[in-house]
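Just upload27.cif here, mmCIF, N, CA and C atoms:
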data_data
#
loop_
_atom_site.label_atom_id
_atom_site.label_comp_id
_atom_site.auth_asym_id
_atom_site.auth_seq_id
_atom_site.Cartn_x
_atom_site.Cartn_y
_atom_site.Cartn_z
N MET A 1 5.20 -12.74 -24.06
CA MET A 1 5.10 -11.30 -24.00
C MET A 1 5.22 -10.84 -22.55
N LYS A 2 6.04 -9.86 -22.30
CA LYS A 2 6.22 -9.29 -20.97
C LYS A 2 5.07 -8.35 -20.65
N THR A 3 4.63 -8.38 -19.39
CA THR A 3 3.54 -7.53 -18.93
C THR A 3 4.06 -6.59 -17.86
N ILE A 4 3.65 -5.34 -17.92
CA ILE A 4 3.92 -4.40 -16.83
C ILE A 4 2.70 -4.40 -15.94
N HIS A 5 2.92 -4.66 -14.66
CA HIS A 5 1.83 -4.71 -13.69
C HIS A 5 1.60 -3.32 -13.12
N SER A 6 0.37 -2.83 -13.21
CA SER A 6 0.01 -1.53 -12.68
C SER A 6 -0.66 -1.73 -11.32
N THR A 7 -0.05 -1.18 -10.29
CA THR A 7 -0.55 -1.35 -8.93
C THR A 7 -0.63 0.01 -8.23
N ALA A 8 -1.23 -0.01 -7.05
CA ALA A 8 -1.29 1.19 -6.21
C ALA A 8 -1.13 0.75 -4.76
N ALA A 9 -0.51 1.62 -3.96
CA ALA A 9 -0.30 1.35 -2.54
C ALA A 9 -0.52 2.65 -1.77
N CYS A 10 -0.85 2.51 -0.48
CA CYS A 10 -1.25 3.68 0.28
C CYS A 10 -0.58 3.72 1.65
N VAL A 11 0.03 4.86 1.97
CA VAL A 11 0.54 5.14 3.31
C VAL A 11 -0.59 5.79 4.09
N ILE A 12 -1.04 5.11 5.13
CA ILE A 12 -2.14 5.62 5.96
C ILE A 12 -1.61 5.76 7.37
N GLN A 13 -1.55 7.00 7.84
CA GLN A 13 -0.96 7.28 9.15
C GLN A 13 -2.01 7.84 10.10
N GLN A 14 -1.95 7.36 11.33
CA GLN A 14 -2.78 7.90 12.41
C GLN A 14 -1.86 8.05 13.61
N ASP A 15 -1.66 9.27 14.04
CA ASP A 15 -0.68 9.58 15.08
C ASP A 15 0.69 9.10 14.61
N GLU A 16 1.37 8.29 15.37
CA GLU A 16 2.71 7.82 15.00
C GLU A 16 2.69 6.41 14.42
N ARG A 17 1.51 5.94 14.00
CA ARG A 17 1.38 4.56 13.52
C ARG A 17 0.85 4.54 12.08
N PHE A 18 1.21 3.45 11.39
CA PHE A 18 0.83 3.27 10.00
C PHE A 18 0.00 2.00 9.86
N LEU A 19 -1.03 2.06 9.02
CA LEU A 19 -1.90 0.91 8.79
C LEU A 19 -1.20 -0.07 7.85
N ILE A 20 -1.00 -1.28 8.35
CA ILE A 20 -0.29 -2.33 7.63
C ILE A 20 -1.16 -3.58 7.60
N VAL A 21 -1.13 -4.29 6.48
CA VAL A 21 -1.87 -5.55 6.38
C VAL A 21 -0.90 -6.72 6.49
N GLU A 22 -1.37 -7.78 7.11
CA GLU A 22 -0.61 -9.02 7.20
C GLU A 22 -1.25 -10.01 6.24
N GLU A 23 -0.44 -10.58 5.36
CA GLU A 23 -0.96 -11.40 4.27
C GLU A 23 -0.39 -12.82 4.31
N ALA A 24 -1.25 -13.77 4.01
CA ALA A 24 -0.82 -15.15 3.78
C ALA A 24 -0.53 -15.28 2.29
N ARG A 25 0.71 -15.56 1.95
CA ARG A 25 1.10 -15.65 0.54
C ARG A 25 1.55 -17.05 0.16
N GLY A 26 1.19 -18.04 0.96
CA GLY A 26 1.52 -19.41 0.63
C GLY A 26 2.83 -19.90 1.20
N GLY A 27 3.57 -19.04 1.88
CA GLY A 27 4.82 -19.47 2.48
C GLY A 27 4.62 -19.95 3.91
N SER A 28 5.71 -20.21 4.58
CA SER A 28 5.62 -20.71 5.96
C SER A 28 5.30 -19.60 6.95
N THR A 29 5.52 -18.34 6.57
CA THR A 29 5.18 -17.21 7.42
C THR A 29 4.39 -16.18 6.62
N THR A 30 3.68 -15.34 7.33
CA THR A 30 2.95 -14.26 6.67
C THR A 30 3.92 -13.13 6.34
N VAL A 31 3.47 -12.23 5.48
CA VAL A 31 4.25 -11.04 5.14
C VAL A 31 3.40 -9.81 5.41
N PHE A 32 4.07 -8.66 5.48
CA PHE A 32 3.41 -7.41 5.83
C PHE A 32 3.56 -6.43 4.67
N ASN A 33 2.51 -5.63 4.46
CA ASN A 33 2.49 -4.72 3.33
C ASN A 33 1.59 -3.54 3.66
N GLN A 34 1.74 -2.48 2.91
CA GLN A 34 0.73 -1.43 2.95
C GLN A 34 -0.49 -1.93 2.21
N PRO A 35 -1.65 -1.36 2.48
CA PRO A 35 -2.80 -1.69 1.64
C PRO A 35 -2.41 -1.39 0.19
N ALA A 36 -2.57 -2.39 -0.67
CA ALA A 36 -2.08 -2.26 -2.04
C ALA A 36 -2.70 -3.33 -2.91
N GLY A 37 -2.62 -3.11 -4.21
CA GLY A 37 -3.09 -4.14 -5.12
C GLY A 37 -3.06 -3.67 -6.56
N HIS A 38 -3.48 -4.58 -7.42
CA HIS A 38 -3.52 -4.29 -8.86
C HIS A 38 -4.67 -3.35 -9.19
N ILE A 39 -4.41 -2.47 -10.13
CA ILE A 39 -5.46 -1.61 -10.67
C ILE A 39 -6.21 -2.45 -11.70
N GLU A 40 -7.50 -2.54 -11.54
CA GLU A 40 -8.34 -3.39 -12.39
C GLU A 40 -8.65 -2.69 -13.72
N PRO A 41 -8.96 -3.48 -14.77
CA PRO A 41 -9.39 -2.87 -16.04
C PRO A 41 -10.57 -1.93 -15.80
N GLY A 42 -10.51 -0.77 -16.41
CA GLY A 42 -11.56 0.22 -16.26
C GLY A 42 -11.36 1.16 -15.09
N GLU A 43 -10.35 0.90 -14.25
CA GLU A 43 -10.05 1.75 -13.10
C GLU A 43 -8.83 2.62 -13.40
N GLY A 44 -8.75 3.73 -12.70
CA GLY A 44 -7.52 4.50 -12.63
C GLY A 44 -6.89 4.24 -11.28
N PRO A 45 -5.72 4.81 -11.02
CA PRO A 45 -5.04 4.56 -9.76
C PRO A 45 -5.81 5.04 -8.53
N ILE A 46 -6.53 6.14 -8.64
CA ILE A 46 -7.27 6.66 -7.48
C ILE A 46 -8.42 5.71 -7.12
N ALA A 47 -9.21 5.34 -8.09
CA ALA A 47 -10.31 4.41 -7.83
C ALA A 47 -9.76 3.07 -7.33
N GLY A 48 -8.66 2.63 -7.93
CA GLY A 48 -8.07 1.35 -7.55
C GLY A 48 -7.60 1.32 -6.11
N ILE A 49 -6.93 2.39 -5.66
CA ILE A 49 -6.41 2.35 -4.29
C ILE A 49 -7.53 2.50 -3.28
N LEU A 50 -8.55 3.28 -3.57
CA LEU A 50 -9.68 3.38 -2.63
C LEU A 50 -10.37 2.03 -2.46
N ARG A 51 -10.52 1.29 -3.56
CA ARG A 51 -11.13 -0.04 -3.50
C ARG A 51 -10.24 -1.00 -2.72
N GLU A 52 -8.94 -1.01 -3.04
CA GLU A 52 -8.02 -1.93 -2.36
C GLU A 52 -7.95 -1.67 -0.86
N VAL A 53 -7.89 -0.41 -0.46
CA VAL A 53 -7.82 -0.09 0.97
C VAL A 53 -9.06 -0.63 1.68
N GLU A 54 -10.23 -0.40 1.10
CA GLU A 54 -11.47 -0.88 1.73
C GLU A 54 -11.51 -2.41 1.78
N GLU A 55 -11.11 -3.07 0.69
CA GLU A 55 -11.14 -4.54 0.66
C GLU A 55 -10.14 -5.17 1.63
N GLU A 56 -8.99 -4.54 1.78
CA GLU A 56 -7.94 -5.15 2.60
C GLU A 56 -7.95 -4.72 4.07
N THR A 57 -8.59 -3.58 4.38
CA THR A 57 -8.52 -3.07 5.75
C THR A 57 -9.87 -2.77 6.38
N ALA A 58 -10.94 -2.72 5.59
CA ALA A 58 -12.27 -2.30 6.03
C ALA A 58 -12.30 -0.83 6.43
N TRP A 59 -11.34 -0.05 5.98
CA TRP A 59 -11.33 1.39 6.23
C TRP A 59 -11.68 2.13 4.94
N GLN A 60 -12.47 3.18 5.10
CA GLN A 60 -12.60 4.18 4.05
C GLN A 60 -11.61 5.28 4.42
N VAL A 61 -10.93 5.80 3.40
CA VAL A 61 -9.90 6.81 3.64
C VAL A 61 -10.15 8.02 2.75
N THR A 62 -9.50 9.10 3.13
CA THR A 62 -9.48 10.29 2.30
C THR A 62 -8.06 10.44 1.77
N LEU A 63 -7.92 10.36 0.46
CA LEU A 63 -6.60 10.56 -0.14
C LEU A 63 -6.21 12.02 0.00
N THR A 64 -4.96 12.26 0.39
CA THR A 64 -4.49 13.63 0.57
C THR A 64 -3.40 14.02 -0.42
N ASP A 65 -2.56 13.06 -0.80
CA ASP A 65 -1.42 13.37 -1.67
C ASP A 65 -1.06 12.17 -2.52
N TYR A 66 -0.31 12.46 -3.57
CA TYR A 66 0.23 11.44 -4.47
C TYR A 66 1.74 11.39 -4.28
N LEU A 67 2.26 10.23 -3.98
CA LEU A 67 3.70 10.07 -3.78
C LEU A 67 4.46 9.92 -5.09
N GLY A 68 3.76 9.54 -6.14
CA GLY A 68 4.41 9.33 -7.42
C GLY A 68 4.35 7.88 -7.83
N ILE A 69 5.06 7.58 -8.90
CA ILE A 69 5.08 6.21 -9.40
C ILE A 69 6.44 5.59 -9.08
N TYR A 70 6.37 4.40 -8.52
CA TYR A 70 7.57 3.65 -8.13
C TYR A 70 7.73 2.49 -9.11
N ILE A 71 8.88 2.39 -9.74
CA ILE A 71 9.15 1.32 -10.69
C ILE A 71 9.96 0.25 -9.96
N PHE A 72 9.46 -0.97 -10.01
CA PHE A 72 10.11 -2.06 -9.28
C PHE A 72 10.25 -3.26 -10.21
N HIS A 73 11.47 -3.78 -10.30
CA HIS A 73 11.76 -4.96 -11.11
C HIS A 73 12.07 -6.11 -10.15
N THR A 74 11.34 -7.20 -10.26
CA THR A 74 11.58 -8.34 -9.39
C THR A 74 12.75 -9.17 -9.91
N PRO A 75 13.33 -9.99 -9.06
CA PRO A 75 14.40 -10.88 -9.52
C PRO A 75 13.93 -11.88 -10.58
N HIS A 76 12.61 -12.09 -10.66
CA HIS A 76 12.04 -13.05 -11.62
C HIS A 76 11.68 -12.39 -12.96
N GLY A 77 12.07 -11.11 -13.14
CA GLY A 77 11.84 -10.45 -14.41
C GLY A 77 10.52 -9.72 -14.55
N GLN A 78 9.74 -9.63 -13.48
CA GLN A 78 8.48 -8.89 -13.55
C GLN A 78 8.76 -7.40 -13.30
N THR A 79 7.95 -6.55 -13.92
CA THR A 79 8.05 -5.11 -13.72
C THR A 79 6.74 -4.59 -13.18
N PHE A 80 6.82 -3.80 -12.12
CA PHE A 80 5.65 -3.18 -11.50
C PHE A 80 5.78 -1.67 -11.58
N HIS A 81 4.70 -1.03 -11.99
CA HIS A 81 4.56 0.43 -11.89
C HIS A 81 3.56 0.65 -10.77
N SER A 82 4.06 1.07 -9.62
CA SER A 82 3.23 1.18 -8.42
C SER A 82 3.00 2.64 -8.06
N HIS A 83 1.74 3.05 -8.10
CA HIS A 83 1.36 4.41 -7.72
C HIS A 83 1.26 4.50 -6.21
N GLY A 84 1.96 5.46 -5.62
CA GLY A 84 1.93 5.62 -4.17
C GLY A 84 1.03 6.78 -3.77
N PHE A 85 0.26 6.57 -2.71
CA PHE A 85 -0.65 7.59 -2.20
C PHE A 85 -0.46 7.76 -0.70
N ILE A 86 -0.91 8.91 -0.21
CA ILE A 86 -1.00 9.17 1.22
C ILE A 86 -2.48 9.41 1.52
N ALA A 87 -2.96 8.85 2.64
CA ALA A 87 -4.37 9.01 3.00
C ALA A 87 -4.51 9.10 4.52
N THR A 88 -5.65 9.62 4.93
CA THR A 88 -6.01 9.61 6.34
C THR A 88 -7.24 8.72 6.49
N PRO A 89 -7.31 7.95 7.59
CA PRO A 89 -8.47 7.10 7.81
C PRO A 89 -9.69 7.95 8.19
N THR A 90 -10.84 7.59 7.64
CA THR A 90 -12.05 8.36 7.96
C THR A 90 -13.13 7.51 8.62
N THR A 91 -13.43 6.33 8.06
CA THR A 91 -14.53 5.51 8.58
C THR A 91 -14.12 4.05 8.59
N PHE A 92 -14.27 3.41 9.76
CA PHE A 92 -14.04 1.97 9.83
C PHE A 92 -15.36 1.27 9.57
N LEU A 93 -15.40 0.37 8.59
CA LEU A 93 -16.64 -0.25 8.14
C LEU A 93 -16.93 -1.58 8.83
N ASP A 94 -15.94 -2.20 9.44
CA ASP A 94 -16.12 -3.49 10.10
C ASP A 94 -16.69 -4.54 9.15
N THR A 95 -16.19 -4.55 7.92
CA THR A 95 -16.60 -5.55 6.93
C THR A 95 -15.51 -6.61 6.83
N SER A 96 -15.82 -7.73 6.20
CA SER A 96 -14.82 -8.79 6.06
C SER A 96 -13.71 -8.34 5.10
N LEU A 97 -12.52 -8.90 5.32
CA LEU A 97 -11.35 -8.53 4.54
C LEU A 97 -11.12 -9.55 3.42
N ASP A 98 -10.31 -9.16 2.43
CA ASP A 98 -9.89 -10.11 1.39
C ASP A 98 -9.38 -11.38 2.05
N ARG A 99 -9.58 -12.51 1.40
CA ARG A 99 -9.25 -13.79 2.03
C ARG A 99 -7.76 -13.98 2.29
N ASP A 100 -6.88 -13.28 1.58
CA ASP A 100 -5.44 -13.39 1.82
C ASP A 100 -4.96 -12.57 3.02
N ILE A 101 -5.80 -11.65 3.49
CA ILE A 101 -5.42 -10.79 4.61
C ILE A 101 -5.76 -11.51 5.91
N THR A 102 -4.75 -11.74 6.73
CA THR A 102 -4.98 -12.43 8.00
C THR A 102 -5.24 -11.46 9.14
N ALA A 103 -4.75 -10.21 9.01
CA ALA A 103 -4.95 -9.21 10.07
C ALA A 103 -4.51 -7.85 9.55
N THR A 104 -4.96 -6.81 10.24
CA THR A 104 -4.45 -5.46 10.01
C THR A 104 -3.80 -5.00 11.31
N HIS A 105 -2.82 -4.12 11.17
CA HIS A 105 -2.07 -3.64 12.33
C HIS A 105 -1.77 -2.15 12.16
N TRP A 106 -1.77 -1.44 13.27
CA TRP A 106 -1.27 -0.06 13.31
C TRP A 106 0.13 -0.14 13.92
N LEU A 107 1.17 0.04 13.10
CA LEU A 107 2.55 -0.15 13.55
C LEU A 107 3.35 1.14 13.45
N THR A 108 4.33 1.27 14.32
CA THR A 108 5.25 2.40 14.23
C THR A 108 6.25 2.14 13.12
N LEU A 109 6.95 3.19 12.71
CA LEU A 109 7.98 3.02 11.69
C LEU A 109 9.07 2.07 12.19
N ALA A 110 9.43 2.16 13.46
CA ALA A 110 10.45 1.26 14.01
C ALA A 110 10.00 -0.20 13.92
N GLU A 111 8.73 -0.46 14.20
CA GLU A 111 8.22 -1.84 14.09
C GLU A 111 8.24 -2.32 12.64
N ILE A 112 7.92 -1.43 11.72
CA ILE A 112 7.93 -1.78 10.29
C ILE A 112 9.36 -2.03 9.83
N GLN A 113 10.29 -1.21 10.29
CA GLN A 113 11.69 -1.42 9.93
C GLN A 113 12.22 -2.74 10.50
N ALA A 114 11.76 -3.12 11.70
CA ALA A 114 12.16 -4.41 12.27
C ALA A 114 11.63 -5.56 11.42
N LEU A 115 10.39 -5.43 10.91
CA LEU A 115 9.86 -6.45 10.00
C LEU A 115 10.68 -6.51 8.72
N ASN A 116 11.09 -5.35 8.23
CA ASN A 116 11.93 -5.30 7.03
C ASN A 116 13.26 -6.01 7.29
N ASN A 117 13.88 -5.75 8.43
CA ASN A 117 15.16 -6.39 8.77
C ASN A 117 15.01 -7.90 8.91
N ALA A 118 13.82 -8.35 9.29
CA ALA A 118 13.56 -9.79 9.44
C ALA A 118 13.11 -10.43 8.12
N GLY A 119 13.06 -9.65 7.03
CA GLY A 119 12.63 -10.18 5.74
C GLY A 119 11.15 -10.47 5.66
N ARG A 120 10.34 -9.76 6.45
CA ARG A 120 8.90 -10.03 6.52
C ARG A 120 8.05 -9.05 5.73
N LEU A 121 8.66 -8.05 5.06
CA LEU A 121 7.87 -7.13 4.24
C LEU A 121 7.70 -7.72 2.85
N ARG A 122 6.51 -7.57 2.30
CA ARG A 122 6.23 -8.10 0.97
C ARG A 122 7.04 -7.37 -0.10
N SER A 123 7.29 -6.08 0.13
CA SER A 123 7.99 -5.27 -0.86
C SER A 123 8.96 -4.33 -0.16
N PRO A 124 10.12 -4.10 -0.78
CA PRO A 124 11.04 -3.11 -0.21
C PRO A 124 10.50 -1.69 -0.31
N LEU A 125 9.45 -1.49 -1.11
CA LEU A 125 8.88 -0.16 -1.27
C LEU A 125 8.07 0.31 -0.06
N VAL A 126 7.70 -0.60 0.84
CA VAL A 126 6.90 -0.22 2.01
C VAL A 126 7.61 0.86 2.81
N VAL A 127 8.87 0.63 3.17
CA VAL A 127 9.62 1.61 3.97
C VAL A 127 9.91 2.86 3.14
N THR A 128 10.25 2.69 1.87
CA THR A 128 10.54 3.83 1.01
C THR A 128 9.35 4.77 0.92
N ARG A 129 8.15 4.22 0.74
CA ARG A 129 6.95 5.07 0.65
C ARG A 129 6.72 5.84 1.96
N ILE A 130 6.88 5.16 3.09
CA ILE A 130 6.68 5.84 4.38
C ILE A 130 7.71 6.95 4.55
N GLN A 131 8.96 6.67 4.23
CA GLN A 131 9.99 7.70 4.35
C GLN A 131 9.71 8.88 3.44
N ASP A 132 9.25 8.61 2.22
CA ASP A 132 8.89 9.69 1.30
C ASP A 132 7.73 10.51 1.84
N ALA A 133 6.72 9.84 2.40
CA ALA A 133 5.57 10.54 2.96
C ALA A 133 6.00 11.42 4.14
N LEU A 134 6.82 10.88 5.03
CA LEU A 134 7.27 11.64 6.19
C LEU A 134 8.14 12.83 5.79
N ALA A 135 8.87 12.69 4.69
CA ALA A 135 9.73 13.78 4.21
C ALA A 135 8.97 14.81 3.38
N GLY A 136 7.68 14.56 3.13
CA GLY A 136 6.88 15.50 2.34
C GLY A 136 7.16 15.44 0.85
N ARG A 137 7.75 14.34 0.38
CA ARG A 137 8.01 14.18 -1.05
C ARG A 137 6.73 13.68 -1.73
N CYS A 138 5.84 14.62 -2.04
CA CYS A 138 4.55 14.23 -2.60
C CYS A 138 4.04 15.33 -3.52
N TYR A 139 2.95 15.01 -4.20
CA TYR A 139 2.37 15.88 -5.21
C TYR A 139 0.86 15.98 -4.97
N PRO A 140 0.23 17.03 -5.48
CA PRO A 140 -1.22 17.09 -5.35
C PRO A 140 -1.89 15.99 -6.18
N LEU A 141 -3.04 15.53 -5.71
CA LEU A 141 -3.77 14.49 -6.43
C LEU A 141 -4.17 14.91 -7.84
N THR A 142 -4.21 16.20 -8.09
CA THR A 142 -4.61 16.69 -9.41
C THR A 142 -3.61 16.37 -10.51
N VAL A 143 -2.42 15.84 -10.15
CA VAL A 143 -1.48 15.44 -11.21
C VAL A 143 -1.98 14.19 -11.92
N ILE A 144 -2.95 13.49 -11.32
CA ILE A 144 -3.53 12.31 -11.95
C ILE A 144 -4.85 12.73 -12.60
N ARG A 145 -5.00 12.41 -13.85
CA ARG A 145 -6.22 12.75 -14.57
C ARG A 145 -6.92 11.48 -14.96
N GLU A 146 -7.95 11.11 -14.19
CA GLU A 146 -8.69 9.89 -14.46
C GLU A 146 -9.95 10.21 -15.25
#
Please re-express this file's structure in structure tokens.
Amino acid sequence: MKTIHSTAACVIQQDERFLIVEEARGGSTTVFNQPAGHIEPGEGPIAGILREVEEETAWQVTLTDYLGIYIFHTPHGQTFHSHGFIATPTTFLDTSLDRDITATHWLTLAEIQALNNAGRLRSPLVVTRIQDALAGRCYPLTVIRE
């Protein structure tokens, strides 16, 4: 039986930089991603992304906008429905990060695009979400009813 994976990801910007996580995924090099993850049973996308951001970055954020749902099909036949959000950082908690996260970084869009060109982004949606956020292609959070 095929499963659709429900995930959420967040564009978090401070000045001209974006909060990015560096992850160990079992390969020879780490990969870079926005704070993101699976929505757990009993959660909606808003609760899921707030939890994931805190677990992966030690930041509490304020969600400001909804980017929409991004449908992604992997070459291996998996399908992801990824909810995109925009947030601003509010409080750094200085707590430990998920064990797969090796570091967090505040990177410019040019630095993120360079990682993309080097094949170091976990998902092609990282740049797309940032570009959508910068272009103002977003919706009020009230479109989600949890």
List the residues matched by the PyMOL selection byres ((chain A and resi 104) around 5) in the displayed structure as a ChimeraX atom specification, ordered by chain and then by residue number.
/A:20-22,102-103,105-106
Care to translate the PyMOL selection byres (((chain A and resi 52-60 and name CA) around 10) and name CA) into actual residues of this file, as a compact mmCIF listing (two decimals) with N, CA and C atoms, in the coordinates of the input?
# COMPACT_ATOMS: atom_id res chain seq x y z
N THR A 7 -0.05 -1.18 -10.29
CA THR A 7 -0.55 -1.35 -8.93
C THR A 7 -0.63 0.01 -8.23
N ALA A 8 -1.23 -0.01 -7.05
CA ALA A 8 -1.29 1.19 -6.21
C ALA A 8 -1.13 0.75 -4.76
N ALA A 9 -0.51 1.62 -3.96
CA ALA A 9 -0.30 1.35 -2.54
C ALA A 9 -0.52 2.65 -1.77
N CYS A 10 -0.85 2.51 -0.48
CA CYS A 10 -1.25 3.68 0.28
C CYS A 10 -0.58 3.72 1.65
N ILE A 12 -1.04 5.11 5.13
CA ILE A 12 -2.14 5.62 5.96
C ILE A 12 -1.61 5.76 7.37
N LEU A 19 -1.03 2.06 9.02
CA LEU A 19 -1.90 0.91 8.79
C LEU A 19 -1.20 -0.07 7.85
N ILE A 20 -1.00 -1.28 8.35
CA ILE A 20 -0.29 -2.33 7.63
C ILE A 20 -1.16 -3.58 7.60
N VAL A 21 -1.13 -4.29 6.48
CA VAL A 21 -1.87 -5.55 6.38
C VAL A 21 -0.90 -6.72 6.49
N GLU A 22 -1.37 -7.78 7.11
CA GLU A 22 -0.61 -9.02 7.20
C GLU A 22 -1.25 -10.01 6.24
N GLU A 23 -0.44 -10.58 5.36
CA GLU A 23 -0.96 -11.40 4.27
C GLU A 23 -0.39 -12.82 4.31
N GLN A 34 1.74 -2.48 2.91
CA GLN A 34 0.73 -1.43 2.95
C GLN A 34 -0.49 -1.93 2.21
N PRO A 35 -1.65 -1.36 2.48
CA PRO A 35 -2.80 -1.69 1.64
C PRO A 35 -2.41 -1.39 0.19
N ALA A 36 -2.57 -2.39 -0.67
CA ALA A 36 -2.08 -2.26 -2.04
C ALA A 36 -2.70 -3.33 -2.91
N GLY A 37 -2.62 -3.11 -4.21
CA GLY A 37 -3.09 -4.14 -5.12
C GLY A 37 -3.06 -3.67 -6.56
N HIS A 38 -3.48 -4.58 -7.42
CA HIS A 38 -3.52 -4.29 -8.86
C HIS A 38 -4.67 -3.35 -9.19
N ILE A 39 -4.41 -2.47 -10.13
CA ILE A 39 -5.46 -1.61 -10.67
C ILE A 39 -6.21 -2.45 -11.70
N ALA A 47 -9.21 5.34 -8.09
CA ALA A 47 -10.31 4.41 -7.83
C ALA A 47 -9.76 3.07 -7.33
N GLY A 48 -8.66 2.63 -7.93
CA GLY A 48 -8.07 1.35 -7.55
C GLY A 48 -7.60 1.32 -6.11
N ILE A 49 -6.93 2.39 -5.66
CA ILE A 49 -6.41 2.35 -4.29
C ILE A 49 -7.53 2.50 -3.28
N LEU A 50 -8.55 3.28 -3.57
CA LEU A 50 -9.68 3.38 -2.63
C LEU A 50 -10.37 2.03 -2.46
N ARG A 51 -10.52 1.29 -3.56
CA ARG A 51 -11.13 -0.04 -3.50
C ARG A 51 -10.24 -1.00 -2.72
N VAL A 61 -10.93 5.80 3.40
CA VAL A 61 -9.90 6.81 3.64
C VAL A 61 -10.15 8.02 2.75
N THR A 62 -9.50 9.10 3.13
CA THR A 62 -9.48 10.29 2.30
C THR A 62 -8.06 10.44 1.77
N LEU A 63 -7.92 10.36 0.46
CA LEU A 63 -6.60 10.56 -0.14
C LEU A 63 -6.21 12.02 0.00
N ALA A 87 -2.96 8.85 2.64
CA ALA A 87 -4.37 9.01 3.00
C ALA A 87 -4.51 9.10 4.52
N THR A 88 -5.65 9.62 4.93
CA THR A 88 -6.01 9.61 6.34
C THR A 88 -7.24 8.72 6.49
N PRO A 89 -7.31 7.95 7.59
CA PRO A 89 -8.47 7.10 7.81
C PRO A 89 -9.69 7.95 8.19
N THR A 90 -10.84 7.59 7.64
CA THR A 90 -12.05 8.36 7.96
C THR A 90 -13.13 7.51 8.62
N THR A 91 -13.43 6.33 8.06
CA THR A 91 -14.53 5.51 8.58
C THR A 91 -14.12 4.05 8.59
N PHE A 92 -14.27 3.41 9.76
CA PHE A 92 -14.04 1.97 9.83
C PHE A 92 -15.36 1.27 9.57
N LEU A 93 -15.40 0.37 8.59
CA LEU A 93 -16.64 -0.25 8.14
C LEU A 93 -16.93 -1.58 8.83
N ASP A 94 -15.94 -2.20 9.44
CA ASP A 94 -16.12 -3.49 10.10
C ASP A 94 -16.69 -4.54 9.15
N THR A 95 -16.19 -4.55 7.92
CA THR A 95 -16.60 -5.55 6.93
C THR A 95 -15.51 -6.61 6.83
N SER A 96 -15.82 -7.73 6.20
CA SER A 96 -14.82 -8.79 6.06
C SER A 96 -13.71 -8.34 5.10
N LEU A 97 -12.52 -8.90 5.32
CA LEU A 97 -11.35 -8.53 4.54
C LEU A 97 -11.12 -9.55 3.42
N ASP A 98 -10.31 -9.16 2.43
CA ASP A 98 -9.89 -10.11 1.39
C ASP A 98 -9.38 -11.38 2.05
N ARG A 99 -9.58 -12.51 1.40
CA ARG A 99 -9.25 -13.79 2.03
C ARG A 99 -7.76 -13.98 2.29
N ASP A 100 -6.88 -13.28 1.58
CA ASP A 100 -5.44 -13.39 1.82
C ASP A 100 -4.96 -12.57 3.02
N ILE A 101 -5.80 -11.65 3.49
CA ILE A 101 -5.42 -10.79 4.61
C ILE A 101 -5.76 -11.51 5.91
N THR A 102 -4.75 -11.74 6.73
CA THR A 102 -4.98 -12.43 8.00
C THR A 102 -5.24 -11.46 9.14
N ALA A 103 -4.75 -10.21 9.01
CA ALA A 103 -4.95 -9.21 10.07
C ALA A 103 -4.51 -7.85 9.55
N THR A 104 -4.96 -6.81 10.24
CA THR A 104 -4.45 -5.46 10.01
C THR A 104 -3.80 -5.00 11.31
N HIS A 105 -2.82 -4.12 11.17
CA HIS A 105 -2.07 -3.64 12.33
C HIS A 105 -1.77 -2.15 12.16
Residues of range 19-139 of chain A in strand (DSSP E), written as a PyMOL selection string:
chain A and resi 19-23+31-33+36-38+59-73+79-92+101-107
In Å, how far is it from CA of Ala133 in chain A to atom N of Val11 in chain A?
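Taking CA of Ala133 in chain A and atom N of Val11 in chain A, their separation equals 8.0 Å.
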Report, in Å to a single decimal, how far apart CA of Glu40 in chain A and CA of Cys138 in chain A are.
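Pair CA of Cys138 in chain A / CA of Glu40 in chain A returns 23.9 Å.
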Pairwise distance, atom C of Gly68 in chain A with CA of His81 in chain A, equals 8.5 Å
Box in all listed atoms of range 116-124 of chain A, axis-aligned, with 8 Å more on each side; write out centre and edge lengths in Å to one decimal as lines of an AutoDock Vina configuration file.
center_x = 10.7
center_y = -6.1
center_z = 4.3
size_x = 24.9
size_y = 24.8
size_z = 26.3
Please evaluate the PyMOL selection byres ((chain A and resi 65) around 6) against the displayed coordinates and give the resulting residues as a list in words.
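Residues picked by the PyMOL selection byres ((chain A and resi 65) around 6): Leu63, Thr64, Tyr66, Leu67, Gly84, Phe85, Ile86, Ala87, Cys138, Tyr139, Pro140 and Leu141 of chain A.
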Residues from the last selection, N, CA and C atoms, saved as a compact mmCIF listing (two decimals), in the frame of the given file:
# COMPACT_ATOMS: atom_id res chain seq x y z
N LEU A 63 -7.92 10.36 0.46
CA LEU A 63 -6.60 10.56 -0.14
C LEU A 63 -6.21 12.02 0.00
N THR A 64 -4.96 12.26 0.39
CA THR A 64 -4.49 13.63 0.57
C THR A 64 -3.40 14.02 -0.42
N TYR A 66 -0.31 12.46 -3.57
CA TYR A 66 0.23 11.44 -4.47
C TYR A 66 1.74 11.39 -4.28
N LEU A 67 2.26 10.23 -3.98
CA LEU A 67 3.70 10.07 -3.78
C LEU A 67 4.46 9.92 -5.09
N GLY A 84 1.96 5.46 -5.62
CA GLY A 84 1.93 5.62 -4.17
C GLY A 84 1.03 6.78 -3.77
N PHE A 85 0.26 6.57 -2.71
CA PHE A 85 -0.65 7.59 -2.20
C PHE A 85 -0.46 7.76 -0.70
N ILE A 86 -0.91 8.91 -0.21
CA ILE A 86 -1.00 9.17 1.22
C ILE A 86 -2.48 9.41 1.52
N ALA A 87 -2.96 8.85 2.64
CA ALA A 87 -4.37 9.01 3.00
C ALA A 87 -4.51 9.10 4.52
N CYS A 138 5.84 14.62 -2.04
CA CYS A 138 4.55 14.23 -2.60
C CYS A 138 4.04 15.33 -3.52
N TYR A 139 2.95 15.01 -4.20
CA TYR A 139 2.37 15.88 -5.21
C TYR A 139 0.86 15.98 -4.97
N PRO A 140 0.23 17.03 -5.48
CA PRO A 140 -1.22 17.09 -5.35
C PRO A 140 -1.89 15.99 -6.18
N LEU A 141 -3.04 15.53 -5.71
CA LEU A 141 -3.77 14.49 -6.43
C LEU A 141 -4.17 14.91 -7.84
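With all atoms listed in the file as the basis for measurement, A:Phe18 is the residue among A:Phe18, A:Ile4, A:Gln13, A:Glu43 that approaches Leu107 in chain A most closely.
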